[in-house]
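Novice: Just one file: query12.pdb, with PDB, C-alpha atoms.
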ATOM      1  CA  MET A   1     141.828  95.999 113.233
ATOM      2  CA  MET A   2     140.087  97.001 116.465
ATOM      3  CA  ASP A   3     136.451  96.352 117.396
ATOM      4  CA  GLY A   4     135.789  95.514 113.763
ATOM      5  CA  LYS A   5     137.195  98.863 112.603
ATOM      6  CA  ARG A   6     140.066  99.198 110.127
ATOM      7  CA  ILE A   7     142.975 101.252 111.462
ATOM      8  CA  ALA A   8     145.148 103.338 109.147
ATOM      9  CA  VAL A   9     148.365 105.141 109.979
ATOM     10  CA  VAL A  10     149.260 108.012 107.671
ATOM     11  CA  MET A  11     152.699 109.603 107.570
ATOM     12  CA  PRO A  12     153.185 113.002 105.903
ATOM     13  CA  ALA A  13     156.852 112.939 104.948
ATOM     14  CA  TYR A  14     159.571 115.216 103.660
ATOM     15  CA  ASN A  15     163.189 114.048 103.776
ATOM     16  CA  ALA A  16     162.413 111.430 106.442
ATOM     17  CA  GLU A  17     164.830 108.762 105.234
ATOM     18  CA  ARG A  18     166.914 108.669 108.436
ATOM     19  CA  THR A  19     164.045 108.003 110.847
ATOM     20  CA  LEU A  20     161.362 106.338 108.716
ATOM     21  CA  GLU A  21     162.374 102.713 109.222
ATOM     22  CA  ARG A  22     162.421 103.058 113.002
ATOM     23  CA  THR A  23     158.968 104.652 112.910
ATOM     24  CA  VAL A  24     157.446 101.930 110.726
ATOM     25  CA  ARG A  25     159.039  99.099 112.715
ATOM     26  CA  ASP A  26     157.533 100.410 115.961
ATOM     27  CA  LEU A  27     153.952 100.642 114.686
ATOM     28  CA  PRO A  28     151.687  98.208 116.584
ATOM     29  CA  GLY A  29     150.226  95.129 114.944
ATOM     30  CA  ILE A  30     146.647  96.446 115.003
ATOM     31  CA  VAL A  31     147.442  98.746 112.051
ATOM     32  CA  ASP A  32     145.738  97.517 108.867
ATOM     33  CA  ILE A  33     146.811 100.248 106.460
ATOM     34  CA  LYS A  34     150.135 102.081 106.348
ATOM     35  CA  ILE A  35     150.321 105.104 104.051
ATOM     36  CA  LEU A  36     153.148 107.562 103.427
ATOM     37  CA  VAL A  37     152.831 110.681 101.302
ATOM     38  CA  ASP A  38     156.180 112.044 100.168
ATOM     39  CA  ASP A  39     156.026 115.782  99.525
ATOM     40  CA  SER A  40     158.705 115.654  96.823
ATOM     41  CA  SER A  41     161.623 114.794  99.134
ATOM     42  CA  GLN A  42     165.238 115.250  98.093
ATOM     43  CA  ASP A  43     166.316 111.947  99.653
ATOM     44  CA  GLN A  44     165.225 108.308  99.329
ATOM     45  CA  THR A  45     162.157 108.544 101.587
ATOM     46  CA  ALA A  46     159.703 107.172  98.999
ATOM     47  CA  GLN A  47     161.931 104.283  97.933
ATOM     48  CA  LEU A  48     162.550 103.273 101.545
ATOM     49  CA  ALA A  49     158.846 103.436 102.372
ATOM     50  CA  GLU A  50     157.997 101.100  99.507
ATOM     51  CA  SER A  51     160.699  98.659 100.592
ATOM     52  CA  LEU A  52     159.109  98.611 104.062
ATOM     53  CA  GLY A  53     155.754  97.614 102.616
ATOM     54  CA  VAL A  54     154.136 101.025 103.077
ATOM     55  CA  GLN A  55     151.655 102.305 100.481
ATOM     56  CA  THR A  56     153.539 105.270  99.075
ATOM     57  CA  PHE A  57     152.302 108.315  97.195
ATOM     58  CA  VAL A  58     154.641 111.000  95.877
ATOM     59  CA  HIS A  59     153.707 114.611  95.175
ATOM     60  CA  ASP A  60     155.130 116.024  91.944
ATOM     61  CA  ALA A  61     156.186 119.178  93.821
ATOM     62  CA  ASN A  62     156.698 120.351  97.395
ATOM     63  CA  TYR A  63     153.166 121.533  98.161
ATOM     64  CA  GLY A  64     153.509 121.867 101.924
ATOM     65  CA  TYR A  65     152.609 120.056 105.119
ATOM     66  CA  GLY A  66     148.925 120.884 104.988
ATOM     67  CA  ARG A  67     148.441 119.692 101.431
ATOM     68  CA  ASN A  68     150.356 116.551 102.324
ATOM     69  CA  GLN A  69     147.827 115.790 105.053
ATOM     70  CA  GLN A  70     144.938 116.259 102.647
ATOM     71  CA  THR A  71     146.420 113.552 100.437
ATOM     72  CA  CYS A  72     147.078 111.335 103.460
ATOM     73  CA  TYR A  73     143.484 111.465 104.615
ATOM     74  CA  ARG A  74     142.017 111.059 101.139
ATOM     75  CA  GLU A  75     144.066 107.934 100.495
ATOM     76  CA  ALA A  76     143.277 106.470 103.916
ATOM     77  CA  LEU A  77     139.558 106.973 103.406
ATOM     78  CA  ALA A  78     139.768 105.523  99.898
ATOM     79  CA  ALA A  79     141.490 102.456 101.384
ATOM     80  CA  GLY A  80     138.521 101.901 103.691
ATOM     81  CA  ALA A  81     139.926 103.178 106.983
ATOM     82  CA  ASP A  82     137.488 103.672 109.857
ATOM     83  CA  ILE A  83     140.069 105.294 112.148
ATOM     84  CA  VAL A  84     143.047 107.286 110.893
ATOM     85  CA  VAL A  85     146.091 108.071 113.046
ATOM     86  CA  MET A  86     148.640 110.583 111.804
ATOM     87  CA  VAL A  87     152.207 109.762 112.821
ATOM     88  CA  HIS A  88     155.177 111.940 111.914
ATOM     89  CA  PRO A  89     157.882 109.679 110.460
ATOM     90  CA  ASP A  90     160.659 111.633 112.197
ATOM     91  CA  TYR A  91     160.189 109.654 115.446
ATOM     92  CA  GLN A  92     159.600 112.758 117.531
ATOM     93  CA  TYR A  93     156.461 111.034 118.861
ATOM     94  CA  THR A  94     156.434 107.372 119.867
ATOM     95  CA  PRO A  95     154.396 105.150 117.480
ATOM     96  CA  ALA A  96     153.705 102.805 120.409
ATOM     97  CA  LEU A  97     150.736 104.988 121.393
ATOM     98  CA  VAL A  98     148.884 104.397 118.107
ATOM     99  CA  ALA A  99     146.897 101.494 119.586
ATOM    100  CA  ALA A 100     145.851 103.487 122.651
ATOM    101  CA  MET A 101     144.765 106.464 120.558
ATOM    102  CA  ALA A 102     142.879 104.297 118.078
ATOM    103  CA  GLY A 103     141.188 102.547 121.003
ATOM    104  CA  MET A 104     139.894 105.839 122.386
ATOM    105  CA  VAL A 105     138.219 106.536 119.046
ATOM    106  CA  SER A 106     137.109 102.934 118.507
ATOM    107  CA  SER A 107     135.353 102.953 121.884
ATOM    108  CA  GLY A 108     132.975 105.606 120.616
ATOM    109  CA  VAL A 109     133.877 107.916 123.484
ATOM    110  CA  TYR A 110     135.920 110.336 121.363
ATOM    111  CA  ASP A 111     135.915 111.430 117.719
ATOM    112  CA  VAL A 112     139.366 113.027 117.856
ATOM    113  CA  VAL A 113     142.319 112.107 120.076
ATOM    114  CA  LEU A 114     145.388 114.290 120.539
ATOM    115  CA  ALA A 115     148.711 113.046 121.917
ATOM    116  CA  SER A 116     149.717 115.850 124.257
ATOM    117  CA  ARG A 117     153.337 116.654 125.005
ATOM    118  CA  ILE A 118     152.215 118.870 127.878
ATOM    119  CA  LEU A 119     150.261 116.319 129.923
ATOM    120  CA  GLY A 120     152.720 114.584 132.211
ATOM    121  CA  GLY A 121     155.310 117.326 131.767
ATOM    122  CA  GLY A 122     157.265 115.514 129.050
ATOM    123  CA  ALA A 123     157.785 118.408 126.652
ATOM    124  CA  ARG A 124     160.765 120.047 128.316
ATOM    125  CA  ARG A 125     162.257 116.717 129.407
ATOM    126  CA  GLY A 126     162.110 115.605 125.781
ATOM    127  CA  GLY A 127     164.105 118.638 124.677
ATOM    128  CA  MET A 128     161.436 121.083 123.500
ATOM    129  CA  PRO A 129     163.161 124.492 123.157
ATOM    130  CA  LEU A 130     162.127 126.926 125.860
ATOM    131  CA  TYR A 131     160.759 129.526 123.425
ATOM    132  CA  LYS A 132     158.538 126.875 121.805
ATOM    133  CA  TYR A 133     157.296 125.696 125.186
ATOM    134  CA  ILE A 134     156.405 129.233 126.276
ATOM    135  CA  ALA A 135     154.687 129.955 122.950
ATOM    136  CA  ASN A 136     152.790 126.666 123.217
ATOM    137  CA  ARG A 137     151.452 127.536 126.659
ATOM    138  CA  LEU A 138     150.480 131.101 125.724
ATOM    139  CA  LEU A 139     148.769 130.151 122.461
ATOM    140  CA  THR A 140     146.951 127.264 124.141
ATOM    141  CA  ALA A 141     145.632 129.522 126.910
ATOM    142  CA  PHE A 142     144.500 132.043 124.296
ATOM    143  CA  GLN A 143     142.658 129.424 122.264
ATOM    144  CA  ASN A 144     141.058 127.766 125.277
ATOM    145  CA  LEU A 145     139.654 131.151 126.229
ATOM    146  CA  PHE A 146     138.175 132.004 122.843
ATOM    147  CA  LEU A 147     137.280 128.539 121.526
ATOM    148  CA  GLY A 148     135.677 127.460 124.773
ATOM    149  CA  ALA A 149     137.646 124.212 124.964
ATOM    150  CA  LYS A 150     139.916 122.948 127.758
ATOM    151  CA  LEU A 151     142.801 121.268 125.947
ATOM    152  CA  SER A 152     146.341 120.972 127.261
ATOM    153  CA  GLU A 153     147.727 121.868 123.841
ATOM    154  CA  TYR A 154     146.588 122.552 120.273
ATOM    155  CA  HIS A 155     149.926 122.060 118.560
ATOM    156  CA  THR A 156     150.743 118.357 118.622
ATOM    157  CA  GLY A 157     151.271 116.612 115.309
ATOM    158  CA  PHE A 158     150.208 113.206 116.640
ATOM    159  CA  ARG A 159     146.434 112.742 116.416
ATOM    160  CA  ALA A 160     143.688 110.222 115.606
ATOM    161  CA  PHE A 161     140.379 110.788 113.824
ATOM    162  CA  SER A 162     137.238 108.839 113.105
ATOM    163  CA  ARG A 163     136.203 108.462 109.472
ATOM    164  CA  ALA A 164     133.188 110.696 110.103
ATOM    165  CA  VAL A 165     135.414 113.589 111.216
ATOM    166  CA  LEU A 166     137.569 113.450 108.106
ATOM    167  CA  LEU A 167     134.548 113.379 105.837
ATOM    168  CA  LYS A 168     132.717 116.242 107.551
ATOM    169  CA  LEU A 169     135.444 118.810 108.199
ATOM    170  CA  PRO A 170     136.046 121.275 105.308
ATOM    171  CA  LEU A 171     139.735 120.352 105.144
ATOM    172  CA  LEU A 172     140.229 121.694 101.627
ATOM    173  CA  GLU A 173     139.709 125.204 103.020
ATOM    174  CA  ASN A 174     142.753 124.832 105.273
ATOM    175  CA  SER A 175     146.246 126.205 104.805
ATOM    176  CA  ASP A 176     148.940 124.254 102.966
ATOM    177  CA  ASP A 177     151.366 125.239 105.739
ATOM    178  CA  PHE A 178     151.866 124.029 109.316
ATOM    179  CA  VAL A 179     148.872 125.943 110.695
ATOM    180  CA  PHE A 180     146.735 123.252 109.000
ATOM    181  CA  ASP A 181     147.076 121.258 112.244
ATOM    182  CA  ASN A 182     145.668 124.043 114.374
ATOM    183  CA  GLN A 183     142.880 124.817 111.941
ATOM    184  CA  MET A 184     141.812 121.179 112.045
ATOM    185  CA  ILE A 185     141.441 121.210 115.827
ATOM    186  CA  ALA A 186     139.528 124.494 115.716
ATOM    187  CA  GLN A 187     137.229 122.990 113.082
ATOM    188  CA  SER A 188     136.658 119.944 115.279
ATOM    189  CA  VAL A 189     135.599 122.237 118.124
ATOM    190  CA  MET A 190     133.321 124.272 115.841
ATOM    191  CA  PHE A 191     131.616 121.144 114.487
ATOM    192  CA  GLY A 192     131.064 119.742 117.956
ATOM    193  CA  PHE A 193     133.285 116.675 117.769
ATOM    194  CA  ARG A 194     134.411 115.112 121.053
ATOM    195  CA  ILE A 195     138.142 115.626 121.625
ATOM    196  CA  GLY A 196     140.196 113.517 124.007
ATOM    197  CA  GLU A 197     143.871 113.701 124.976
ATOM    198  CA  ILE A 198     146.543 111.228 125.979
ATOM    199  CA  SER A 199     149.945 111.960 127.502
ATOM    200  CA  CYS A 200     152.807 111.445 125.045
ATOM    201  CA  PRO A 201     156.570 111.695 125.560
ATOM    202  CA  THR A 202     158.447 113.509 122.833
ATOM    203  CA  SER A 203     162.048 113.582 121.638
ATOM    204  CA  TYR A 204     163.848 116.498 120.027
ATOM    205  CA  PHE A 205     167.043 115.260 118.410
ATOM    206  CA  LYS A 206     169.161 116.031 115.368
ATOM    207  CA  GLU A 207     167.268 113.845 112.895
ATOM    208  CA  ALA A 208     163.812 114.936 114.076
ATOM    209  CA  SER A 209     162.166 117.625 111.974
ATOM    210  CA  SER A 210     161.465 120.969 113.594
ATOM    211  CA  ILE A 211     160.459 124.304 112.120
ATOM    212  CA  ASN A 212     162.853 127.191 112.700
ATOM    213  CA  PHE A 213     162.156 130.378 114.636
ATOM    214  CA  ARG A 214     160.891 132.287 111.602
ATOM    215  CA  ARG A 215     158.440 129.536 110.635
ATOM    216  CA  SER A 216     157.393 129.264 114.280
ATOM    217  CA  VAL A 217     156.482 132.961 114.308
ATOM    218  CA  ARG A 218     154.475 132.518 111.109
ATOM    219  CA  TYR A 219     152.712 129.546 112.676
ATOM    220  CA  GLY A 220     151.900 131.549 115.813
ATOM    221  CA  LEU A 221     150.386 134.350 113.757
ATOM    222  CA  GLY A 222     148.370 131.758 111.865
ATOM    223  CA  VAL A 223     147.023 130.392 115.149
ATOM    224  CA  LEU A 224     145.921 133.880 116.199
ATOM    225  CA  ALA A 225     144.234 134.426 112.815
ATOM    226  CA  THR A 226     142.477 131.061 113.059
ATOM    227  CA  THR A 227     141.136 131.940 116.502
ATOM    228  CA  VAL A 228     139.858 135.351 115.383
ATOM    229  CA  SER A 229     138.150 133.732 112.380
ATOM    230  CA  PHE A 230     136.597 131.101 114.652
ATOM    231  CA  VAL A 231     135.056 133.755 116.907
ATOM    232  CA  ALA A 232     133.903 135.886 113.966
ATOM    233  CA  HIS A 233     132.139 132.920 112.383
ATOM    234  CA  ARG A 234     130.579 131.668 115.620
ATOM    235  CA  VAL A 235     129.081 135.026 116.617
ATOM    236  CA  GLY A 236     127.961 135.776 113.054
ATOM    237  CA  ILE A 237     130.192 138.758 112.320
ATOM    238  CA  ARG A 238     131.236 137.132 109.055
ATOM    239  CA  ARG A 239     130.977 133.795 107.324
ATOM    240  CA  VAL A 240     134.298 131.931 107.239
ATOM    241  CA  ARG A 241     134.438 128.970 104.848
ATOM    242  CA  LEU A 242     137.040 127.329 107.059
ATOM    243  CA  PHE A 243     134.263 126.775 109.612
ATOM    244  CA  ASP A 244     131.255 126.561 107.311
ATOM    245  CA  THR A 245     129.354 123.364 106.548
ATOM    246  CA  ALA A 246     129.459 124.423 102.885
ATOM    247  CA  GLY A 247     133.270 124.525 102.893
ATOM    248  CA  ARG A 248     135.151 122.209 100.537
ATOM    249  CA  LYS A 249     135.626 118.728 101.914
ATOM    250  CA  ILE A 250     137.771 115.758 101.014
ATOM    251  CA  THR A 251     136.094 113.664  98.370
ATOM    252  CA  LEU A 252     136.926 110.152  97.260
ATOM    253  CA  LYS A 253     136.033 111.073  93.682
ATOM    254  CA  TYR A 254     139.220 112.145  91.919
ATOM    255  CA  TYR A 255     137.793 113.184  88.579
ATOM    256  CA  SER A 256     134.732 114.656  86.877
ATOM    257  CA  GLU A 257     132.434 112.732  84.587
ATOM    258  CA  LEU A 258     132.604 113.612  80.916
ATOM    259  CA  VAL A 259     129.681 115.759  79.843
ATOM    260  CA  GLY A 260     127.622 114.976  76.765
ATOM    261  CA  GLN A 261     128.599 111.342  76.367
ATOM    262  CA  ALA A 262     126.465 109.473  73.832
TER     263      ALA A 262
END
For this file, write the structure as structure tokens.
Specialist:
Amino acid sequence: MMDGKRIAVVMPAYNAERTLERTVRDLPGIVDIKILVDDSSQDQTAQLAESLGVQTFVHDANYGYGRNQQTCYREALAAGADIVVMVHPDYQYTPALVAAMAGMVSSGVYDVVLASRILGGGARRGGMPLYKYIANRLLTAFQNLFLGAKLSEYHTGFRAFSRAVLLKLPLLENSDDFVFDNQMIAQSVMFGFRIGEISCPTSYFKEASSINFRRSVRYGLGVLATTVSFVAHRVGIRRVRLFDTAGRKITLKYYSELVGQA
């Protein structure tokens, strides 16, 4: 807990058995709620998570990274979290920064905090492939231009959110794929939430998850499409539910009431 606020860490997981224990062990003591959502892994990720005392939820099929996050946030909100930090369980990002990120939200200064691999120049030192680094810089420059923000990167998977952000953003309109991350930042900009950044070292190693070149291209195209949709909605060319206040949001109500009960 921090400043009277409950802190939750959520971990969207798929085949994370080899790095999960290290990730959980390095989480700081201020974390009140630890949640892992297993997207139908082929290894023992879920069983290991439960043995480590992590609240574990398992999808009945591999629905994708974006859908996994939707479940993560829903369960964290249902558990009473005031601040939610997403940590990848592959140890590519250091869990030691969870407290600092949560503190930036808890202070009331920021609504969203991103752990940037670009600030401090740690991306290439940590082993980020050159083509990914170049794509990151080009896509970030493109989005800064058209979204009107000044972020160092839009593509980190390590981020913290206030409860209000997760309840207001129309997250159920987002993709089930990796571009979910980018859509969420664009939504935060559209809805006027305050976004802060913190420098974060990163490590690319054999056990760490990383999308291949083909998936990276698909992600890049998704980023471009998200940006075009953002501009179209903002200037009124067309209504885009991804950025509309009427878009579908996460709800804590899992079922519908029976109709016509006596």
Novice: Can you give me, as a PyMOL selection string, the residues this file yields under the PyMOL selection byres ((chain A and resi 41-58) around 9)?
Specialist: chain A and resi 13-18+20-21+24-25+33-40+59-62+71-72+75
Novice: Near Asp111 of chain A, counting all atoms listed in the file, which residues have an atom at most 10 Å away, once you skip same-chain residues fewer than 3 positions from it, shown as an MDAnalysis selection string?
Specialist: chainID A and resid 83 102 104:108 160:166 188 192:196
Novice: Apply the PyMOL selection byres ((chain A and resi 242) around 9) to the file shown and report the selected residues as a PyMOL selection string.
Specialist: chain A and resi 169-174+183+187+226+229-230+239-241+243-245+247-248
Novice: Using all atoms listed in the file, can you tell me which of A:Val189, A:Ala123, A:Val223, A:Leu77 comes closest to Ser175 of chain A?
Specialist: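 Answer, going by the shortest atom-to-atom distance: A:Val223.
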Novice: Enumerate, as a VMD selection string, the residues matched when the PyMOL selection byres ((chain A and resi 179) around 9) is run on the file above.
Specialist: chain A and resid 65 to 66 155 174 to 178 180 to 184 218 to 220 222 to 223 226
Novice: What gap, in Å, lies between atom CA of Thr94 of chain A and atom CA of Thr202 of chain A?
Specialist: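 Between atom CA of Thr94 of chain A and atom CA of Thr202 of chain A the gap works out to 7.1 Å.
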Novice: Step by step: start from the point (150.1, 108.5, 113.9) in the file's coordinates, keep every protein, DNA or RNA residue that has an atom no farther than 9 Å from it, count all atoms listed in the file, and write the set as a PyMOL selection string.
Specialist: chain A and resi 8-11+27+84-89+93-95+97-98+101+157-160
Novice: Please measure the separation of atom CA of Tyr133 of chain A and atom CA of Ala149 of chain A, giving the value in Å to one decimal.
Specialist: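 Going from atom CA of Tyr133 of chain A over to atom CA of Ala149 of chain A covers 19.7 Å.
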Novice: Pull N, CA, C and O atoms for segment 5-16 of chain A from the block and write them as a PDB file, in the first residue's frame.
Specialist:
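Final file, part_20.pdb:
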ATOM      1  N   LYS A   5      -3.365   3.910  -0.736  1.00  0.00           N
ATOM      2  CA  LYS A   5      -3.883   3.330  -1.975  1.00  0.00           C
ATOM      3  C   LYS A   5      -3.365   1.903  -2.143  1.00  0.00           C
ATOM      4  O   LYS A   5      -2.189   1.631  -1.893  1.00  0.00           O
ATOM      5  N   ARG A   6      -4.259   1.006  -2.579  1.00  0.00           N
ATOM      6  CA  ARG A   6      -3.886  -0.390  -2.780  1.00  0.00           C
ATOM      7  C   ARG A   6      -3.210  -0.552  -4.142  1.00  0.00           C
ATOM      8  O   ARG A   6      -3.721  -0.108  -5.172  1.00  0.00           O
ATOM      9  N   ILE A   7      -2.058  -1.202  -4.130  1.00  0.00           N
ATOM     10  CA  ILE A   7      -1.258  -1.378  -5.345  1.00  0.00           C
ATOM     11  C   ILE A   7      -1.408  -2.811  -5.858  1.00  0.00           C
ATOM     12  O   ILE A   7      -1.202  -3.770  -5.110  1.00  0.00           O
ATOM     13  N   ALA A   8      -1.741  -2.944  -7.123  1.00  0.00           N
ATOM     14  CA  ALA A   8      -1.830  -4.264  -7.749  1.00  0.00           C
ATOM     15  C   ALA A   8      -0.804  -4.368  -8.871  1.00  0.00           C
ATOM     16  O   ALA A   8      -0.580  -3.407  -9.616  1.00  0.00           O
ATOM     17  N   VAL A   9      -0.176  -5.520  -8.962  1.00  0.00           N
ATOM     18  CA  VAL A   9       0.660  -5.845 -10.114  1.00  0.00           C
ATOM     19  C   VAL A   9      -0.062  -6.924 -10.904  1.00  0.00           C
ATOM     20  O   VAL A   9      -0.492  -7.932 -10.342  1.00  0.00           O
ATOM     21  N   VAL A  10      -0.226  -6.696 -12.198  1.00  0.00           N
ATOM     22  CA  VAL A  10      -0.848  -7.691 -13.061  1.00  0.00           C
ATOM     23  C   VAL A  10       0.181  -8.176 -14.068  1.00  0.00           C
ATOM     24  O   VAL A  10       0.983  -7.398 -14.584  1.00  0.00           O
ATOM     25  N   MET A  11       0.144  -9.468 -14.338  1.00  0.00           N
ATOM     26  CA  MET A  11       1.121 -10.085 -15.242  1.00  0.00           C
ATOM     27  C   MET A  11       0.402 -10.894 -16.315  1.00  0.00           C
ATOM     28  O   MET A  11      -0.112 -11.981 -16.049  1.00  0.00           O
ATOM     29  N   PRO A  12       0.311 -10.358 -17.536  1.00  0.00           N
ATOM     30  CA  PRO A  12      -0.248 -11.138 -18.646  1.00  0.00           C
ATOM     31  C   PRO A  12       0.788 -12.164 -19.081  1.00  0.00           C
ATOM     32  O   PRO A  12       1.918 -11.797 -19.429  1.00  0.00           O
ATOM     33  N   ALA A  13       0.433 -13.436 -19.036  1.00  0.00           N
ATOM     34  CA  ALA A  13       1.453 -14.475 -19.227  1.00  0.00           C
ATOM     35  C   ALA A  13       1.086 -15.474 -20.309  1.00  0.00           C
ATOM     36  O   ALA A  13      -0.084 -15.828 -20.490  1.00  0.00           O
ATOM     37  N   TYR A  14       2.101 -15.929 -21.002  1.00  0.00           N
ATOM     38  CA  TYR A  14       1.978 -17.050 -21.934  1.00  0.00           C
ATOM     39  C   TYR A  14       3.329 -17.753 -21.974  1.00  0.00           C
ATOM     40  O   TYR A  14       4.337 -17.166 -22.383  1.00  0.00           O
ATOM     41  N   ASN A  15       3.355 -18.973 -21.484  1.00  0.00           N
ATOM     42  CA  ASN A  15       4.589 -19.770 -21.437  1.00  0.00           C
ATOM     43  C   ASN A  15       5.723 -19.008 -20.727  1.00  0.00           C
ATOM     44  O   ASN A  15       6.829 -18.855 -21.260  1.00  0.00           O
ATOM     45  N   ALA A  16       5.435 -18.543 -19.524  1.00  0.00           N
ATOM     46  CA  ALA A  16       6.408 -17.741 -18.765  1.00  0.00           C
ATOM     47  C   ALA A  16       7.033 -18.515 -17.614  1.00  0.00           C
ATOM     48  O   ALA A  16       7.600 -17.915 -16.694  1.00  0.00           O
TER      49      ALA A  16
END
